file target.pdb (PDB, C-alpha atoms)
MODEL        1
ATOM      1  CA  MET A   7      -8.189  19.432   4.622
ATOM      2  CA  ALA A   8      -5.397  18.239   6.850
ATOM      3  CA  LEU A   9      -3.165  15.259   7.322
ATOM      4  CA  GLY A  10      -4.299  13.454  10.469
ATOM      5  CA  GLU A  11      -2.890  10.739  12.679
ATOM      6  CA  LEU A  12      -0.801   7.789  11.582
ATOM      7  CA  VAL A  13      -3.393   4.989  11.429
ATOM      8  CA  GLY A  14      -1.238   2.099  10.298
ATOM      9  CA  GLU A  15       2.158   0.727   9.388
ATOM     10  CA  ALA A  16       3.333  -2.647   8.086
ATOM     11  CA  ARG A  17       6.374  -4.472   6.761
ATOM     12  CA  GLY A  18       6.622  -7.594   4.692
ATOM     13  CA  ARG A  19       7.879  -9.182   1.524
ATOM     14  CA  ILE A  20       6.857  -9.279  -2.105
ATOM     15  CA  THR A  21       5.795 -12.860  -2.802
ATOM     16  CA  THR A  22       5.028 -12.839  -6.540
ATOM     17  CA  MET A  23       5.720 -10.673  -9.579
ATOM     18  CA  ARG A  24       4.443 -11.303 -13.091
ATOM     19  CA  VAL A  25       4.178  -9.386 -16.346
ATOM     20  CA  LEU A  26       0.625  -8.972 -17.633
ATOM     21  CA  PRO A  27      -0.229  -9.124 -21.359
ATOM     22  CA  ASP A  28      -0.745  -5.334 -21.488
ATOM     23  CA  GLY A  29       2.803  -4.642 -20.205
ATOM     24  CA  LYS A  30       1.832  -3.909 -16.617
ATOM     25  CA  MET A  31       3.693  -5.601 -13.782
ATOM     26  CA  GLU A  32       1.517  -7.334 -11.181
ATOM     27  CA  VAL A  33       2.901  -7.591  -7.651
ATOM     28  CA  SER A  34       1.583  -9.539  -4.635
ATOM     29  CA  GLN A  35       2.860  -9.162  -1.092
ATOM     30  CA  GLN A  36       2.264 -10.299   2.488
ATOM     31  CA  GLY A  37       3.279  -8.818   5.809
ATOM     32  CA  THR A  38       2.405  -7.790   9.329
ATOM     33  CA  GLY A  39       1.987  -4.547  11.208
ATOM     34  CA  LYS A  40      -0.514  -2.406  13.098
ATOM     35  CA  LEU A  41      -3.768  -0.649  12.206
ATOM     36  CA  LEU A  42      -5.275   1.660  14.845
ATOM     37  CA  GLY A  43      -3.341  -0.238  17.509
ATOM     38  CA  SER A  44      -4.390  -3.726  16.350
ATOM     39  CA  GLU A  45      -1.825  -6.309  15.267
ATOM     40  CA  ILE A  46      -2.591  -7.114  11.610
ATOM     41  CA  SER A  47      -1.674  -9.348   8.721
ATOM     42  CA  ASP A  48      -1.905  -7.715   5.326
ATOM     43  CA  ALA A  49      -2.009  -9.175   1.838
ATOM     44  CA  ALA A  50      -2.081  -6.971  -1.231
ATOM     45  CA  THR A  51      -1.941  -7.143  -4.996
ATOM     46  CA  TYR A  52      -1.253  -4.190  -7.256
ATOM     47  CA  TRP A  53      -0.276  -3.507 -10.820
ATOM     48  CA  THR A  54       2.194  -0.883 -11.916
ATOM     49  CA  VAL A  55       3.247   0.468 -15.287
ATOM     50  CA  MET A  56       6.177   2.640 -16.324
ATOM     51  CA  ARG A  57       5.462   6.107 -17.707
ATOM     52  CA  PRO A  58       7.534   7.983 -20.320
ATOM     53  CA  ASN A  59       9.142  10.236 -17.690
ATOM     54  CA  GLY A  60      10.613   7.277 -15.738
ATOM     55  CA  THR A  61       7.994   7.265 -12.987
ATOM     56  CA  ALA A  62       5.415   4.531 -12.461
ATOM     57  CA  TYR A  63       1.655   4.596 -11.897
ATOM     58  CA  GLY A  64      -0.144   1.794 -10.061
ATOM     59  CA  GLU A  65      -3.451   0.656  -8.592
ATOM     60  CA  GLY A  66      -4.116  -2.010  -6.000
ATOM     61  CA  GLN A  67      -6.165  -3.534  -3.259
ATOM     62  CA  GLN A  68      -5.302  -4.832   0.171
ATOM     63  CA  ALA A  69      -6.939  -7.238   2.620
ATOM     64  CA  ILE A  70      -6.200  -6.541   6.274
ATOM     65  CA  MET A  71      -6.962  -9.179   8.910
ATOM     66  CA  SER A  72      -6.805  -9.084  12.696
ATOM     67  CA  SER A  73      -8.442 -10.553  15.766
ATOM     68  CA  ASP A  74     -10.262  -7.174  15.888
ATOM     69  CA  GLY A  75     -11.795  -7.658  12.417
ATOM     70  CA  SER A  76     -10.994  -7.265   8.748
ATOM     71  CA  ALA A  77     -10.965  -4.572   6.097
ATOM     72  CA  VAL A  78     -10.420  -4.087   2.367
ATOM     73  CA  TRP A  79      -8.586  -1.005   1.102
ATOM     74  CA  LYS A  80      -8.160   0.187  -2.504
ATOM     75  CA  GLY A  81      -5.861   2.874  -3.834
ATOM     76  CA  SER A  82      -3.561   4.254  -6.506
ATOM     77  CA  GLY A  83      -0.250   6.025  -6.575
ATOM     78  CA  VAL A  84       2.827   7.315  -8.339
ATOM     79  CA  GLY A  85       6.311   5.974  -7.764
ATOM     80  CA  LYS A  86       9.931   6.562  -8.645
ATOM     81  CA  PRO A  87      13.058   4.408  -8.502
ATOM     82  CA  THR A  88      15.404   4.844  -5.565
ATOM     83  CA  GLY A  89      19.103   4.156  -5.380
ATOM     84  CA  GLN A  90      21.373   3.483  -8.317
ATOM     85  CA  GLY A  91      20.495   1.454 -11.359
ATOM     86  CA  GLY A  92      16.924   2.631 -11.863
ATOM     87  CA  GLY A  93      14.349   0.262 -10.357
ATOM     88  CA  GLY A  94      17.040  -2.246  -9.338
ATOM     89  CA  GLY A  95      17.688  -0.285  -6.156
ATOM     90  CA  GLY A  96      14.057  -0.181  -5.045
ATOM     91  CA  TRP A  97      10.964   1.989  -5.433
ATOM     92  CA  LYS A  98       9.140   4.633  -3.425
ATOM     93  CA  TYR A  99       5.455   5.454  -4.015
ATOM     94  CA  SER A 100       3.071   8.142  -2.818
ATOM     95  CA  VAL A 101      -0.392   6.579  -2.566
ATOM     96  CA  VAL A 102      -3.956   7.719  -1.897
ATOM     97  CA  GLY A 103      -6.867   5.398  -1.155
ATOM     98  CA  ALA A 104      -9.922   4.529   0.898
ATOM     99  CA  PHE A 105     -11.342   1.606   2.812
ATOM    100  CA  GLN A 106     -14.048  -0.198   0.851
ATOM    101  CA  THR A 107     -15.195  -2.555   3.619
ATOM    102  CA  VAL A 108     -14.525  -2.566   7.345
ATOM    103  CA  ALA A 109     -15.767  -5.432   9.532
ATOM    104  CA  SER A 110     -14.534  -4.103  12.873
ATOM    105  CA  GLN A 111     -16.147  -1.756  15.386
ATOM    106  CA  LYS A 112     -12.680  -0.583  16.398
ATOM    107  CA  TRP A 113     -11.863   0.472  12.815
ATOM    108  CA  GLY A 114     -15.275   1.886  11.860
ATOM    109  CA  ARG A 115     -14.005   5.465  11.626
ATOM    110  CA  LEU A 116     -11.829   4.453   8.656
ATOM    111  CA  PHE A 117     -14.954   4.812   6.487
ATOM    112  CA  ASP A 118     -14.833   8.560   7.255
ATOM    113  CA  VAL A 119     -11.402   9.291   5.797
ATOM    114  CA  CYS A 120      -9.347   9.159   2.684
ATOM    115  CA  THR A 121      -5.881   7.763   3.360
ATOM    116  CA  VAL A 122      -2.444   8.762   2.157
ATOM    117  CA  GLU A 123       0.519   6.419   2.282
ATOM    118  CA  GLU A 124       4.229   6.191   1.816
ATOM    119  CA  TYR A 125       5.123   2.827   0.302
ATOM    120  CA  GLU A 126       8.689   1.635  -0.249
ATOM    121  CA  VAL A 127      10.211  -1.531  -1.690
ATOM    122  CA  ASP A 128      13.933  -2.191  -1.281
ATOM    123  CA  GLN A 129      16.343  -4.072  -3.565
ATOM    124  CA  ASN A 130      15.626  -7.303  -1.633
ATOM    125  CA  GLN A 131      11.857  -7.111  -2.269
ATOM    126  CA  ASN A 132      11.006  -6.077   1.309
ATOM    127  CA  TYR A 133       8.256  -3.487   1.643
ATOM    128  CA  HIS A 134       7.248  -0.939   4.263
ATOM    129  CA  TRP A 135       4.167   1.257   4.285
ATOM    130  CA  LYS A 136       2.836   3.979   6.565
ATOM    131  CA  MET A 137      -0.768   5.199   6.327
ATOM    132  CA  TRP A 138      -2.226   8.492   7.557
ATOM    133  CA  GLU A 139      -5.814   9.670   7.590
ATOM    134  CA  TRP A 140      -6.592  12.688   5.400
ATOM    135  CA  LYS A 141      -9.284  14.647   7.187
ATOM    136  CA  TYR A 142     -11.782  16.862   5.409
TER     137      TYR A 142
ENDMDL
END

call {"tool": "encode", "arguments": {"input": "target.pdb", "output": "structure tokens"}}
result
Amino acid sequence: MALGELVGEARGRITTMRVLPDGKMEVSQQGTGKLLGSEISDAATYWTVMRPNGTAYGEGQQAIMSSDGSAVWKGSGVGKPTGQGGGGGGWKYSVVGAFQTVASQKWGRLFDVCTVEEYEVDQNQNYHWKMWEWKY
């Protein structure tokens, strides 16, 4: 297995955060970027929960829309606080996932790969993600 090409990157802003009854934090976000050269809009929702060692575990799904088509991605990851003051300075996650649906001829090959991502949120609730294909 090998890390392949950078397939996407986006930036945006967290739009909503709420605490769920089971203690998880639910986060929604919206942004723009590129996926395989196409200009995209992305919207995602994920939940995250703190673990005893100070890291967080989360799972989420993302809708990606473009004039070239649409896709739904699902994944999970592990994160840690960045900066000073614990999570108040931001978070950085390592994420793995896969595309569940792809309605685009241009993006069809995304069904053939698992993806790995770097996902960061800063202290102002701005996010940035980069996605690579993980070839087998």

call {"tool": "resolve_selection", "arguments": {"input": "target.pdb", "expression": "the PyMOL selection byres ((chain A and resi 55) around 12)", "output": "list of chain:residue names"}}
result
A:Val25, A:Leu26, A:Pro27, A:Asp28, A:Gly29, A:Lys30, A:Met31, A:Glu32, A:Val33, A:Tyr52, A:Trp53, A:Thr54, A:Met56, A:Arg57, A:Pro58, A:Asn59, A:Gly60, A:Thr61, A:Ala62, A:Tyr63, A:Gly64, A:Glu65, A:Ser82, A:Gly83, A:Val84, A:Gly85, A:Lys86

call {"tool": "resolve_selection", "arguments": {"input": "target.pdb", "expression": "the PyMOL selection byres ((chain A and resi 8) around 8)", "output": "PyMOL selection string"}}
result
chain A and resi 7+9-10+140-142

call {"tool": "closest_residue", "arguments": {"input": "target.pdb", "among": "A:Glu139, A:Glu123, A:Asp74, A:Glu15", "to": "Asp48 of chain A", "atoms": "all atoms listed in the file"}}
result
A:Glu15

call {"tool": "closest_residue", "arguments": {"input": "target.pdb", "among": "A:Gly103, A:Gly114, A:Gly75, A:Gly95", "to": "Asn130 of chain A", "atoms": "only C-alpha atoms"}}
result
A:Gly95

call {"tool": "resolve_selection", "arguments": {"input": "target.pdb", "expression": "the PyMOL selection byres ((chain A and resi 77) around 8)", "output": "list of chain:residue names"}}
result
A:Ala69, A:Ile70, A:Met71, A:Gly75, A:Ser76, A:Val78, A:Trp79, A:Phe105, A:Gln106, A:Thr107, A:Val108, A:Ala109, A:Ser110

call {"tool": "residues_around", "arguments": {"input": "target.pdb", "residues": "Lys40 of chain A", "least_positions_apart": "6", "cutoff": "9 Å", "atoms": "all atoms listed in the file", "output": "list in words"}}
result
Val13, Gly14, Glu15, Ala16, Ile46 and Ser47 of chain A

call {"tool": "atom_distance", "arguments": {"input": "target.pdb", "atom1": "atom CA of Cys120 of chain A", "atom2": "atom CA of Gly81 of chain A"}}
result
9.7 Å

call {"tool": "closest_residue", "arguments": {"input": "target.pdb", "among": "A:Glu126, A:Met23, A:His134, A:Leu42", "to": "Gly89 of chain A", "atoms": "only C-alpha atoms"}}
result
A:Glu126

call {"tool": "atom_distance", "arguments": {"input": "target.pdb", "atom1": "atom CA of Gln36 of chain A", "atom2": "atom CA of Arg17 of chain A"}}
result
8.3 Å

call {"tool": "residues_around", "arguments": {"input": "target.pdb", "residues": "Glu45 of chain A", "least_positions_apart": "6", "cutoff": "8 Å", "atoms": "all atoms listed in the file", "output": "PyMOL selection string"}}
result
chain A and resi 38-39+72-73

call {"tool": "closest_residue", "arguments": {"input": "target.pdb", "among": "A:Val127, A:Leu12, A:Ile20, A:Gln68", "to": "Pro87 of chain A", "atoms": "only C-alpha atoms"}}
result
A:Val127

call {"tool": "closest_residue", "arguments": {"input": "target.pdb", "among": "A:Gln111, A:Gln35, A:Gln131, A:Thr88", "to": "Thr51 of chain A", "atoms": "all atoms listed in the file"}}
result
A:Gln35

call {"tool": "atom_distance", "arguments": {"input": "target.pdb", "atom1": "atom CA of Gly18 of chain A", "atom2": "atom CA of Lys112 of chain A"}}
result
23.6 Å

call {"tool": "closest_residue", "arguments": {"input": "target.pdb", "among": "A:Glu11, A:Lys98, A:Arg24, A:Gly66", "to": "Tyr133 of chain A", "atoms": "all atoms listed in the file"}}
result
A:Lys98

call {"tool": "decode", "arguments": {"input": "target.pdb", "residues": "segment 9-86 of chain A", "atoms": "C-alpha atoms", "output": "compact mmCIF listing (two decimals), in the first residue's frame"}}
result
# COMPACT_ATOMS: atom_id res chain seq x y z
CA LEU A 9 0.00 7.06 -0.28
CA GLY A 10 -1.05 8.39 -3.68
CA GLU A 11 -1.85 11.79 -5.12
CA LEU A 12 -3.51 14.67 -3.33
CA VAL A 13 -7.13 14.37 -4.54
CA GLY A 14 -8.72 17.25 -2.69
CA GLU A 15 -8.40 20.22 -0.38
CA ALA A 16 -10.93 22.62 1.15
CA ARG A 17 -11.28 25.45 3.63
CA GLY A 18 -14.31 26.75 5.42
CA ARG A 19 -15.94 27.50 8.73
CA ILE A 20 -17.65 25.55 11.46
CA THR A 21 -21.29 26.65 11.41
CA THR A 22 -22.82 24.78 14.36
CA MET A 23 -21.66 22.95 17.48
CA ARG A 24 -23.90 21.17 19.97
CA VAL A 25 -23.49 18.71 22.83
CA LEU A 26 -25.35 15.43 22.34
CA PRO A 27 -27.05 13.60 25.24
CA ASP A 28 -24.29 10.95 25.31
CA GLY A 29 -21.55 13.58 25.85
CA LYS A 30 -20.34 13.68 22.26
CA MET A 31 -19.89 17.02 20.52
CA GLU A 32 -21.58 17.36 17.13
CA VAL A 33 -20.00 19.75 14.63
CA SER A 34 -21.30 20.98 11.25
CA GLN A 35 -19.26 22.92 8.73
CA GLN A 36 -19.37 24.40 5.22
CA GLY A 37 -16.64 25.42 2.83
CA THR A 38 -15.16 25.40 -0.64
CA GLY A 39 -12.17 23.84 -2.33
CA LYS A 40 -11.12 21.41 -5.06
CA LEU A 41 -11.62 17.69 -5.68
CA LEU A 42 -9.70 16.15 -8.60
CA GLY A 43 -9.44 19.60 -10.16
CA SER A 44 -13.14 20.49 -9.79
CA GLU A 45 -14.26 23.51 -7.78
CA ILE A 46 -16.43 22.15 -4.94
CA SER A 47 -18.66 23.13 -2.07
CA ASP A 48 -18.51 20.82 0.91
CA ALA A 49 -20.82 20.39 3.88
CA ALA A 50 -20.02 17.98 6.67
CA THR A 51 -21.26 16.87 10.06
CA TYR A 52 -19.23 14.85 12.53
CA TRP A 53 -19.29 13.92 16.17
CA THR A 54 -16.26 13.80 18.42
CA VAL A 55 -15.69 12.60 21.96
CA MET A 56 -12.78 13.10 24.34
CA ARG A 57 -10.77 10.05 25.41
CA PRO A 58 -9.02 9.55 28.77
CA ASN A 59 -5.58 10.31 27.30
CA GLY A 60 -6.62 13.80 26.10
CA THR A 61 -7.10 12.85 22.46
CA ALA A 62 -10.44 12.77 20.66
CA TYR A 63 -12.11 10.18 18.43
CA GLY A 64 -14.71 11.16 15.83
CA GLU A 65 -16.84 9.93 12.94
CA GLY A 66 -18.52 11.91 10.20
CA GLN A 67 -19.94 12.27 6.75
CA GLN A 68 -19.49 14.85 4.05
CA ALA A 69 -21.50 15.93 1.01
CA ILE A 70 -19.43 17.33 -1.85
CA MET A 71 -21.13 19.24 -4.67
CA SER A 72 -19.80 20.61 -7.95
CA SER A 73 -20.86 21.35 -11.49
CA ASP A 74 -19.02 18.08 -12.27
CA GLY A 75 -21.26 16.04 -9.93
CA SER A 76 -21.67 15.12 -6.30
CA ALA A 77 -20.30 12.63 -3.80
CA VAL A 78 -20.79 11.44 -0.22
CA TRP A 79 -17.77 10.53 1.90
CA LYS A 80 -17.71 8.88 5.35
CA GLY A 81 -14.80 8.52 7.73
CA SER A 82 -13.35 8.45 11.23
CA GLY A 83 -10.27 9.80 12.91
CA VAL A 84 -8.23 10.67 15.96
CA GLY A 85 -7.37 14.20 16.99
CA LYS A 86 -5.35 16.19 19.47
